[in-house]
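Visitor: target-v8.csv is the file, holding CSV, C-alpha atoms:
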```csv
chain,number,residue,atom,x,y,z
A,1,MET,CA,-20.5,18.5,-7.5
A,2,ALA,CA,-18.8,16.5,-4.8
A,3,VAL,CA,-16.1,14.1,-4.2
A,4,ARG,CA,-17.8,11.0,-2.7
A,5,LYS,CA,-16.4,8.3,-0.5
A,6,ILE,CA,-15.4,5.1,-2.4
A,7,ARG,CA,-17.4,2.1,-1.1
A,8,VAL,CA,-15.1,-0.8,-0.2
A,9,TYR,CA,-16.0,-4.5,-0.2
A,10,PRO,CA,-17.9,-6.0,1.7
A,11,ASP,CA,-20.3,-3.1,1.2
A,12,PRO,CA,-23.3,-4.9,-0.2
A,13,ILE,CA,-24.0,-2.3,-2.8
A,14,LEU,CA,-21.0,-3.5,-4.7
A,15,LYS,CA,-22.6,-6.9,-5.3
A,16,LYS,CA,-26.0,-5.6,-6.4
A,17,VAL,CA,-27.0,-5.3,-10.0
A,18,ALA,CA,-27.5,-1.6,-10.7
A,19,GLU,CA,-30.8,-0.2,-12.0
A,20,PRO,CA,-30.9,1.3,-15.5
A,21,VAL,CA,-31.4,5.1,-15.7
A,22,GLU,CA,-35.0,5.3,-17.0
A,23,GLN,CA,-35.5,9.1,-16.7
A,24,PHE,CA,-32.7,11.3,-17.7
A,25,ASN,CA,-32.7,14.3,-15.3
A,26,LYS,CA,-30.8,16.6,-13.1
A,27,THR,CA,-29.9,13.9,-10.6
A,28,THR,CA,-28.4,11.8,-13.4
A,29,VAL,CA,-26.1,14.7,-14.4
A,30,GLU,CA,-25.2,15.2,-10.7
A,31,VAL,CA,-24.2,11.6,-10.3
A,32,VAL,CA,-22.0,11.8,-13.5
A,33,GLN,CA,-20.3,14.9,-12.1
A,34,ASP,CA,-19.7,13.3,-8.7
A,35,LEU,CA,-18.2,10.3,-10.5
A,36,VAL,CA,-15.8,12.6,-12.4
A,37,ASP,CA,-14.9,14.6,-9.3
A,38,THR,CA,-14.3,11.4,-7.3
A,39,MET,CA,-12.2,9.9,-10.1
A,40,LEU,CA,-10.1,13.1,-10.3
A,41,ASP,CA,-9.7,13.3,-6.6
A,42,ALA,CA,-8.4,9.7,-6.4
A,43,GLY,CA,-5.5,10.8,-8.6
A,44,HIS,CA,-4.4,7.5,-10.1
A,45,SER,CA,-8.0,6.5,-10.9
A,46,VAL,CA,-9.0,5.9,-14.5
A,47,GLY,CA,-12.6,5.1,-13.9
A,48,VAL,CA,-15.4,4.9,-11.3
A,49,ALA,CA,-18.8,3.2,-11.4
A,50,ALA,CA,-21.8,4.6,-9.6
A,51,PRO,CA,-22.2,1.7,-7.1
A,52,GLN,CA,-18.6,2.6,-5.9
A,53,ILE,CA,-20.0,5.9,-4.6
A,54,GLY,CA,-23.1,4.3,-3.2
A,55,VAL,CA,-25.5,4.9,-6.2
A,56,SER,CA,-27.0,1.7,-7.6
A,57,GLN,CA,-27.6,3.1,-11.1
A,58,ARG,CA,-26.0,2.2,-14.4
A,59,ILE,CA,-23.6,5.1,-14.7
A,60,VAL,CA,-19.8,5.0,-15.1
A,61,VAL,CA,-17.0,7.3,-16.0
A,62,VAL,CA,-13.7,6.3,-17.6
A,63,ASP,CA,-10.7,8.4,-18.6
A,64,VAL,CA,-7.4,6.7,-19.3
A,65,SER,CA,-5.9,9.7,-21.2
A,66,LYS,CA,-3.7,10.6,-18.3
A,67,SER,CA,-2.3,7.2,-17.6
A,68,LYS,CA,0.9,5.8,-19.0
A,69,LEU,CA,-0.8,2.8,-20.6
A,70,GLY,CA,-3.7,4.7,-22.1
A,71,LYS,CA,-2.4,8.1,-23.1
A,72,THR,CA,-1.8,7.3,-26.8
A,73,ASN,CA,-5.1,5.3,-27.3
A,74,ASN,CA,-8.2,6.8,-25.8
A,75,HIS,CA,-11.4,8.8,-26.2
A,76,GLY,CA,-10.7,11.2,-23.3
A,77,LEU,CA,-13.3,11.5,-20.7
A,78,LEU,CA,-16.2,9.1,-21.3
A,79,GLU,CA,-19.3,9.7,-19.2
A,80,MET,CA,-21.6,6.7,-19.8
A,81,VAL,CA,-25.2,6.2,-18.8
A,82,ASN,CA,-26.7,2.8,-19.3
A,83,PRO,CA,-23.5,1.6,-21.1
A,84,GLU,CA,-23.7,-1.7,-22.9
A,85,ILE,CA,-21.0,-3.7,-24.7
A,86,ILE,CA,-22.5,-4.6,-28.0
A,87,ALA,CA,-19.4,-6.4,-29.5
A,88,SER,CA,-16.1,-7.6,-28.2
A,89,SER,CA,-13.1,-9.4,-29.6
A,90,GLY,CA,-9.6,-10.6,-28.8
A,91,SER,CA,-8.1,-11.0,-25.3
A,92,GLN,CA,-5.5,-9.4,-23.1
A,93,MET,CA,-4.4,-10.0,-19.6
A,94,MET,CA,-3.7,-7.3,-17.0
A,95,ARG,CA,-2.9,-7.4,-13.3
A,96,GLU,CA,-6.0,-5.5,-12.1
A,97,GLY,CA,-6.4,-3.6,-8.8
A,98,CYS,CA,-9.6,-1.9,-7.7
A,99,MET,CA,-10.2,1.0,-5.3
A,100,SER,CA,-13.1,-1.0,-3.8
A,101,VAL,CA,-10.9,-4.0,-3.1
A,102,PRO,CA,-7.8,-2.5,-1.6
A,103,ASP,CA,-4.5,-4.3,-1.2
A,104,TYR,CA,-5.2,-7.1,-3.7
A,105,THR,CA,-4.5,-7.5,-7.3
A,106,GLY,CA,-5.2,-10.4,-9.7
A,107,ASN,CA,-4.6,-11.4,-13.3
A,108,VAL,CA,-7.7,-10.9,-15.4
A,109,THR,CA,-8.2,-11.7,-19.0
A,110,ARG,CA,-10.6,-9.4,-20.9
A,111,ALA,CA,-11.5,-8.5,-24.4
A,112,GLU,CA,-8.9,-6.5,-26.4
A,113,HIS,CA,-11.5,-4.5,-28.3
A,114,VAL,CA,-15.0,-3.5,-27.3
A,115,ILE,CA,-17.7,-1.5,-28.9
A,116,VAL,CA,-19.8,0.2,-26.3
A,117,GLU,CA,-23.1,2.0,-26.7
A,118,PHE,CA,-24.3,4.5,-24.0
A,119,LEU,CA,-26.0,7.8,-23.4
A,120,ASP,CA,-23.7,10.7,-22.7
A,121,ARG,CA,-24.2,13.5,-20.2
A,122,SER,CA,-26.6,15.3,-22.4
A,123,GLY,CA,-28.6,12.1,-23.1
A,124,GLN,CA,-27.3,11.6,-26.6
A,125,LEU,CA,-26.8,8.0,-27.8
A,126,ARG,CA,-23.2,7.4,-28.5
A,127,CYS,CA,-21.1,4.5,-29.7
A,128,VAL,CA,-17.3,4.1,-29.0
A,129,GLU,CA,-14.9,1.5,-30.2
A,130,ALA,CA,-12.2,1.1,-27.6
A,131,SER,CA,-9.1,-1.1,-27.3
A,132,ALA,CA,-6.2,-2.0,-25.1
A,133,PHE,CA,-6.2,-0.3,-21.6
A,134,GLU,CA,-9.3,1.8,-22.3
A,135,ALA,CA,-11.2,-1.4,-23.3
A,136,VAL,CA,-10.1,-3.0,-20.0
A,137,ALA,CA,-11.2,0.0,-18.0
A,138,ILE,CA,-14.6,0.1,-19.6
A,139,GLN,CA,-15.2,-3.6,-19.0
A,140,HIS,CA,-14.0,-3.3,-15.4
A,141,GLU,CA,-16.4,-0.4,-14.7
A,142,ILE,CA,-19.4,-2.0,-16.4
A,143,ASP,CA,-18.8,-5.1,-14.3
A,144,HIS,CA,-19.4,-3.0,-11.3
A,145,LEU,CA,-22.9,-2.3,-12.7
A,146,ASP,CA,-23.6,-6.0,-12.7
A,147,GLY,CA,-22.3,-6.6,-9.2
A,148,LEU,CA,-19.1,-8.1,-10.4
A,149,LEU,CA,-15.7,-7.4,-8.9
A,150,PHE,CA,-12.4,-8.4,-10.6
A,151,LEU,CA,-12.3,-11.1,-7.9
A,152,ASP,CA,-15.1,-12.8,-9.9
A,153,ARG,CA,-12.9,-12.8,-12.9
A,154,VAL,CA,-9.5,-13.9,-11.6
A,155,SER,CA,-8.5,-17.4,-12.4
A,156,SER,CA,-5.6,-19.3,-11.1
A,157,LEU,CA,-2.6,-19.5,-13.3
A,158,LYS,CA,-2.5,-23.3,-13.0
A,159,THR,CA,-6.1,-24.0,-13.8
A,160,ASP,CA,-5.9,-21.6,-16.8
A,161,ILE,CA,-2.9,-23.2,-18.3
A,162,PHE,CA,-3.3,-26.7,-17.2
A,163,ARG,CA,-7.0,-27.2,-17.2
A,164,ARG,CA,-7.2,-29.4,-20.2
A,165,LYS,CA,-7.2,-33.0,-19.2
A,166,ASN,CA,-4.9,-35.5,-20.9
A,167,LYS,CA,-6.9,-37.5,-23.3
B,168,MET,CA,-0.5,-14.5,16.8
B,169,ASN,CA,2.2,-16.9,16.1
B,170,HIS,CA,2.5,-18.2,12.6
B,171,PHE,CA,3.5,-21.6,11.2
B,172,ALA,CA,4.1,-23.0,7.8
B,173,LEU,CA,2.4,-26.4,7.4
B,174,THR,CA,2.9,-28.8,4.5
B,175,ILE,CA,1.0,-32.0,3.9
B,176,VAL,CA,1.6,-34.4,1.1
B,177,GLY,CA,0.0,-37.7,0.2
B,178,ARG,CA,-1.5,-39.8,-2.5
B,179,ASP,CA,-4.5,-37.9,-3.9
B,180,ARG,CA,-8.0,-38.9,-2.9
B,181,PRO,CA,-11.2,-37.1,-1.9
B,182,GLY,CA,-11.3,-35.9,1.7
B,183,ILE,CA,-7.8,-34.8,2.4
B,184,VAL,CA,-8.6,-31.1,2.6
B,185,SER,CA,-11.6,-31.7,4.8
B,186,GLN,CA,-9.6,-34.0,7.2
B,187,VAL,CA,-6.8,-31.4,7.5
B,188,THR,CA,-8.9,-28.4,7.9
B,189,GLU,CA,-11.2,-30.0,10.4
B,190,ILE,CA,-8.1,-30.6,12.6
B,191,LEU,CA,-7.0,-27.0,12.1
B,192,TYR,CA,-10.5,-25.7,12.9
B,193,ASN,CA,-10.8,-27.7,16.1
B,194,LEU,CA,-7.3,-26.5,17.2
B,195,GLY,CA,-8.4,-22.9,16.7
B,196,CYS,CA,-5.9,-22.3,13.9
B,197,ASN,CA,-6.5,-19.6,11.3
B,198,ILE,CA,-5.5,-20.4,7.7
B,199,ALA,CA,-3.9,-17.4,6.1
B,200,ASP,CA,-2.2,-17.9,2.7
B,201,SER,CA,-2.4,-21.3,1.3
B,202,SER,CA,-1.8,-23.2,-2.0
B,203,CYS,CA,-2.9,-26.7,-2.6
B,204,SER,CA,-2.6,-28.6,-5.7
B,205,ILE,CA,-2.3,-32.0,-7.3
B,206,LEU,CA,1.2,-32.8,-8.4
B,207,GLY,CA,1.7,-36.0,-10.2
B,208,GLY,CA,-0.5,-38.4,-8.2
B,209,GLN,CA,0.2,-36.6,-4.9
B,210,PHE,CA,-1.9,-33.9,-3.3
B,211,ALA,CA,0.3,-31.2,-1.8
B,212,MET,CA,-0.9,-28.6,0.7
B,213,ILE,CA,1.1,-25.6,1.8
B,214,LEU,CA,-0.5,-23.4,4.4
B,215,ILE,CA,0.5,-20.5,6.5
B,216,VAL,CA,-1.5,-20.9,9.7
B,217,ALA,CA,-1.8,-18.8,12.8
B,218,HIS,CA,-2.7,-19.6,16.4
B,219,PRO,CA,-3.3,-17.1,19.3
B,220,LYS,CA,-1.5,-19.3,21.9
B,221,PHE,CA,0.7,-21.9,20.3
B,222,SER,CA,4.3,-20.9,20.2
B,223,ASN,CA,6.2,-24.0,19.1
B,224,ARG,CA,6.0,-27.4,17.6
B,225,ASP,CA,5.2,-29.0,21.0
B,226,SER,CA,2.0,-26.9,21.3
B,227,PHE,CA,0.5,-29.0,18.5
B,228,GLY,CA,1.2,-32.3,20.5
B,229,ASP,CA,0.1,-35.3,18.5
B,230,THR,CA,-2.9,-33.5,16.7
B,231,PHE,CA,-1.5,-34.4,13.3
B,232,GLN,CA,-1.1,-38.1,14.1
B,233,PRO,CA,-4.5,-39.0,12.4
B,234,LEU,CA,-3.1,-37.5,9.2
B,235,GLU,CA,0.1,-39.6,9.4
B,236,ASP,CA,-2.1,-42.6,10.1
B,237,ALA,CA,-3.9,-41.8,6.9
B,238,ASP,CA,-0.6,-42.0,5.1
B,239,LEU,CA,-0.1,-38.2,4.7
B,240,THR,CA,3.3,-36.7,5.4
B,241,VAL,CA,3.1,-33.6,7.7
B,242,ALA,CA,5.8,-31.0,8.3
B,243,LEU,CA,5.6,-27.9,10.4
B,244,ARG,CA,7.9,-24.9,10.4
B,245,VAL,CA,7.7,-22.3,13.1
B,246,LEU,CA,7.9,-18.8,11.6
B,247,LYS,CA,9.9,-16.1,13.2
B,248,PRO,CA,7.9,-13.0,14.1
B,249,GLY,CA,7.1,-11.1,10.8
B,250,GLY,CA,7.8,-14.2,8.7
B,251,GLU,CA,4.1,-14.3,7.6
B,252,VAL,CA,4.3,-10.8,6.1
B,253,ARG,CA,4.6,-10.7,2.4
B,254,PRO,CA,7.2,-8.2,1.3
B,255,GLU,CA,6.2,-5.4,-1.0
B,256,ILE,CA,7.6,-6.5,-4.4
B,257,GLU,CA,7.7,-3.6,-6.8
B,258,GLY,CA,8.6,-3.7,-10.5
B,259,ASP,CA,7.0,-4.9,-13.7
B,260,LEU,CA,5.4,-8.3,-13.8
B,261,CYS,CA,6.3,-10.7,-16.5
B,262,MET,CA,5.0,-14.2,-17.4
B,263,ILE,CA,7.5,-16.5,-18.9
B,264,SER,CA,6.5,-19.7,-20.7
B,265,VAL,CA,9.1,-22.3,-21.4
B,266,TYR,CA,8.3,-25.5,-23.3
B,267,GLY,CA,10.0,-28.2,-25.4
B,268,ALA,CA,11.0,-31.8,-25.6
B,269,ASP,CA,11.8,-32.9,-22.1
B,270,LYS,CA,15.5,-32.9,-21.1
B,271,PRO,CA,17.5,-32.4,-17.9
B,272,GLY,CA,18.2,-28.8,-16.8
B,273,ILE,CA,15.3,-26.8,-18.2
B,274,VAL,CA,14.3,-25.4,-14.8
B,275,TYR,CA,17.8,-25.0,-13.5
B,276,ARG,CA,19.1,-23.2,-16.5
B,277,VAL,CA,16.2,-20.7,-16.7
B,278,ALA,CA,16.3,-20.1,-13.0
B,279,LYS,CA,20.0,-19.6,-13.0
B,280,VAL,CA,19.7,-16.8,-15.6
B,281,LEU,CA,16.9,-15.1,-13.6
B,282,GLY,CA,18.7,-15.5,-10.2
B,283,GLU,CA,22.0,-14.0,-11.6
B,284,LYS,CA,20.1,-11.0,-12.9
B,285,ASN,CA,18.2,-10.5,-9.6
B,286,VAL,CA,14.8,-11.3,-11.2
B,287,ASN,CA,12.5,-12.5,-8.4
B,288,ILE,CA,10.4,-15.6,-9.2
B,289,THR,CA,7.0,-15.2,-7.5
B,290,ASP,CA,5.3,-18.2,-9.0
B,291,LEU,CA,6.6,-21.3,-10.8
B,292,ASN,CA,4.7,-24.3,-12.1
B,293,THR,CA,6.0,-27.1,-14.2
B,294,LYS,CA,4.2,-30.0,-15.9
B,295,LEU,CA,5.2,-33.0,-17.9
B,296,VAL,CA,2.8,-33.3,-20.8
B,297,GLY,CA,2.8,-34.9,-24.2
B,298,THR,CA,3.0,-38.7,-24.7
B,299,GLN,CA,5.2,-41.3,-23.2
B,300,GLU,CA,7.2,-41.5,-26.4
B,301,ARG,CA,7.5,-37.8,-26.8
B,302,PRO,CA,7.3,-36.1,-23.4
B,303,VAL,CA,7.0,-32.3,-23.5
B,304,TYR,CA,8.0,-30.2,-20.6
B,305,VAL,CA,6.1,-27.0,-19.8
B,306,MET,CA,7.1,-24.4,-17.3
B,307,VAL,CA,5.3,-21.2,-16.5
B,308,LEU,CA,6.8,-18.5,-14.3
B,309,GLU,CA,5.6,-15.3,-13.0
B,310,VAL,CA,8.5,-12.9,-12.2
B,311,THR,CA,9.1,-9.4,-11.0
B,312,LEU,CA,11.7,-7.4,-12.9
B,313,PRO,CA,14.2,-5.2,-11.0
B,314,GLN,CA,14.0,-1.5,-11.7
B,315,GLY,CA,15.1,-0.5,-15.2
B,316,ILE,CA,14.9,-4.1,-16.6
B,317,MET,CA,12.5,-4.6,-19.6
B,318,GLU,CA,10.9,-7.5,-21.3
B,319,GLU,CA,13.5,-7.2,-24.1
B,320,ASP,CA,16.3,-7.7,-21.6
B,321,LEU,CA,14.8,-10.9,-20.3
B,322,ASN,CA,14.4,-12.1,-23.9
B,323,ARG,CA,18.0,-11.4,-24.7
B,324,TRP,CA,19.3,-13.1,-21.5
B,325,LEU,CA,17.2,-16.2,-22.1
B,326,MET,CA,18.1,-16.5,-25.8
B,327,PRO,CA,21.3,-18.6,-25.2
B,328,VAL,CA,19.3,-21.0,-23.0
B,329,ARG,CA,16.6,-21.3,-25.6
B,330,ASP,CA,19.2,-22.1,-28.3
B,331,GLU,CA,21.2,-24.5,-26.2
B,332,LEU,CA,18.2,-26.5,-24.8
B,333,GLN,CA,16.2,-26.1,-28.0
B,334,VAL,CA,13.1,-25.0,-26.1
B,335,ASP,CA,10.6,-22.3,-26.9
B,336,ILE,CA,10.5,-19.4,-24.5
B,337,SER,CA,8.0,-16.5,-24.6
B,338,VAL,CA,8.0,-13.5,-22.3
B,339,ARG,CA,5.1,-11.1,-21.9
B,340,THR,CA,4.6,-8.2,-19.5
B,341,ILE,CA,1.5,-8.1,-17.4
B,342,PRO,CA,0.6,-4.4,-17.0
B,343,ARG,CA,-0.4,-3.5,-13.4
B,344,VAL,CA,-3.5,-1.3,-13.5
B,345,GLU,CA,-5.4,0.4,-10.8
B,346,LEU,CA,-9.0,0.9,-11.8
```
Please rewrite the model in this file as structure tokens.
Guide:
Amino acid sequence: MAVRKIRVYPDPILKKVAEPVEQFNKTTVEVVQDLVDTMLDAGHSVGVAAPQIGVSQRIVVVDVSKSKLGKTNNHGLLEMVNPEIIASSGSQMMREGCMSVPDYTGNVTRAEHVIVEFLDRSGQLRCVEASAFEAVAIQHEIDHLDGLLFLDRVSSLKTDIFRRKNK
Amino acid sequence: MNHFALTIVGRDRPGIVSQVTEILYNLGCNIADSSCSILGGQFAMILIVAHPKFSNRDSFGDTFQPLEDADLTVALRVLKPGGEVRPEIEGDLCMISVYGADKPGIVYRVAKVLGEKNVNITDLNTKLVGTQERPVYVMVLEVTLPQGIMEEDLNRWLMPVRDELQVDISVRTIPRVEL
């Protein structure tokens, strides 16, 4: 149980693809707990991924229940080991910021609904259908496991809207 | 560091950015914020640049002459100290799309409403699309709403402009999220 320091870009661990958790053990549960502690300590945070605390393993925690945008539509605290998005639909845009990329925000379009499969803290396989802000938070955190920052997802206003060439 | 706003405009062709940035690099200028885009057939570059020693226009001498010789128009603005610092703009973000048959006054009328209501425009792009016979004007703005102002207020204020100019206007809030 410990609040860990949030790694900030250009820390190379943020750009690494994290390793799947092969053996579920005491360390796994410790990482989960550290993620929860670190998220709570940050106050405004709604999610942390293991690479952000220096652990290159596929573990994230998400909890949007205390945020204005997520409080009416959430699954409470989600502790996810080896999470995988198995279906997604729709799209929504938010101006994202990230603790690992301070002082910068960017418009990112992500799926509106996702179905995510993962192992919970006790190693049970679970499946959750999330939407709106919770879906964005889940996608943002899982991106961290693939070495992706929201900077990899931003697109310029102009190219988004005016990309199509006149025929 | 002294900061300068540099704008360069000229007929679009490959090689403009490299010619400009080679000169800046050789001068020892840092490029901070910049926005460069093709507008019509022109390529327009707007850059905030910094130099550790240069203090005024004369410091640059005739270093931009090769650009002028290549038929680019160059303008340099010397920033006052602090002029390079982006102010903290708080408040909800909104995207506004305005589009319809091209007619005079679309930009002005929308901007007038926003200005009067103290809504800060932080990004604005317009494009003339459609065909020659039926030109369609598209404008996309990103704005920051003053405290207490909601998406619905913007919609209400813009409704008279929409009816009068017969354009379509949509407003959507972009939630700011910290993850």
Visitor: Specify as a list in words all residues of chain B found within 10 Å of chain A, counting all atoms listed in the file.
Guide: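 Therefore, the residues near the partner are Ser204, Leu260, Asp290, Leu291, Asn292, Thr293, Lys294, Val296, Gly297, Thr298, Val305, Val307, Leu308, Glu309, Arg339, Thr340, Ile341, Pro342, Arg343, Val344, Glu345 and Leu346 of chain B.
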Visitor: Could you tell me which of B:Gly282, B:Asn287, B:Asn322, B:Asn223 comes closest to Asp259 of chain B if we count all atoms listed in the file?
Guide: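 That would be B:Asn287, the residue with the smallest distance to Asp259 of chain B.
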Visitor: Hey, what's within 10 Å of Ala172 of chain B if we count all atoms listed in the file and toss same-chain stuff fewer than 3 positions away? As a list in words, please?
Guide: Ile198, Ala199, Asp200, Ser201, Ile213, Leu214, Ile215, Val216, Ala217, Ala242, Leu243, Arg244, Val245, Leu246, Gly250 and Glu251 of chain B
Visitor: How many Å lie between atom CA of Asp179 of chain B and atom CA of Ala211 of chain B, rounded to one decimal?
Guide: 8.5 Å
Visitor: How far is it from atom CA of Val176 of chain B to atom CA of Gly207 of chain B, in Å with one decimal?
Guide: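 According to the coordinates, atom CA of Val176 of chain B and atom CA of Gly207 of chain B are separated by 11.4 Å.
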Visitor: Provide the atom CA of Val55 of chain A to atom CA of Val81 of chain A distance in Å, to one decimal place.
Guide: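 A separation of 12.7 Å between them.
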Visitor: With distances taken over all atoms listed in the file, which of A:Ile86, A:Val17, A:Ala132, A:Leu148 is nearest to Asn74 of chain A?
Guide: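 Selected residue with least distance to Asn74 of chain A: A:Ala132.
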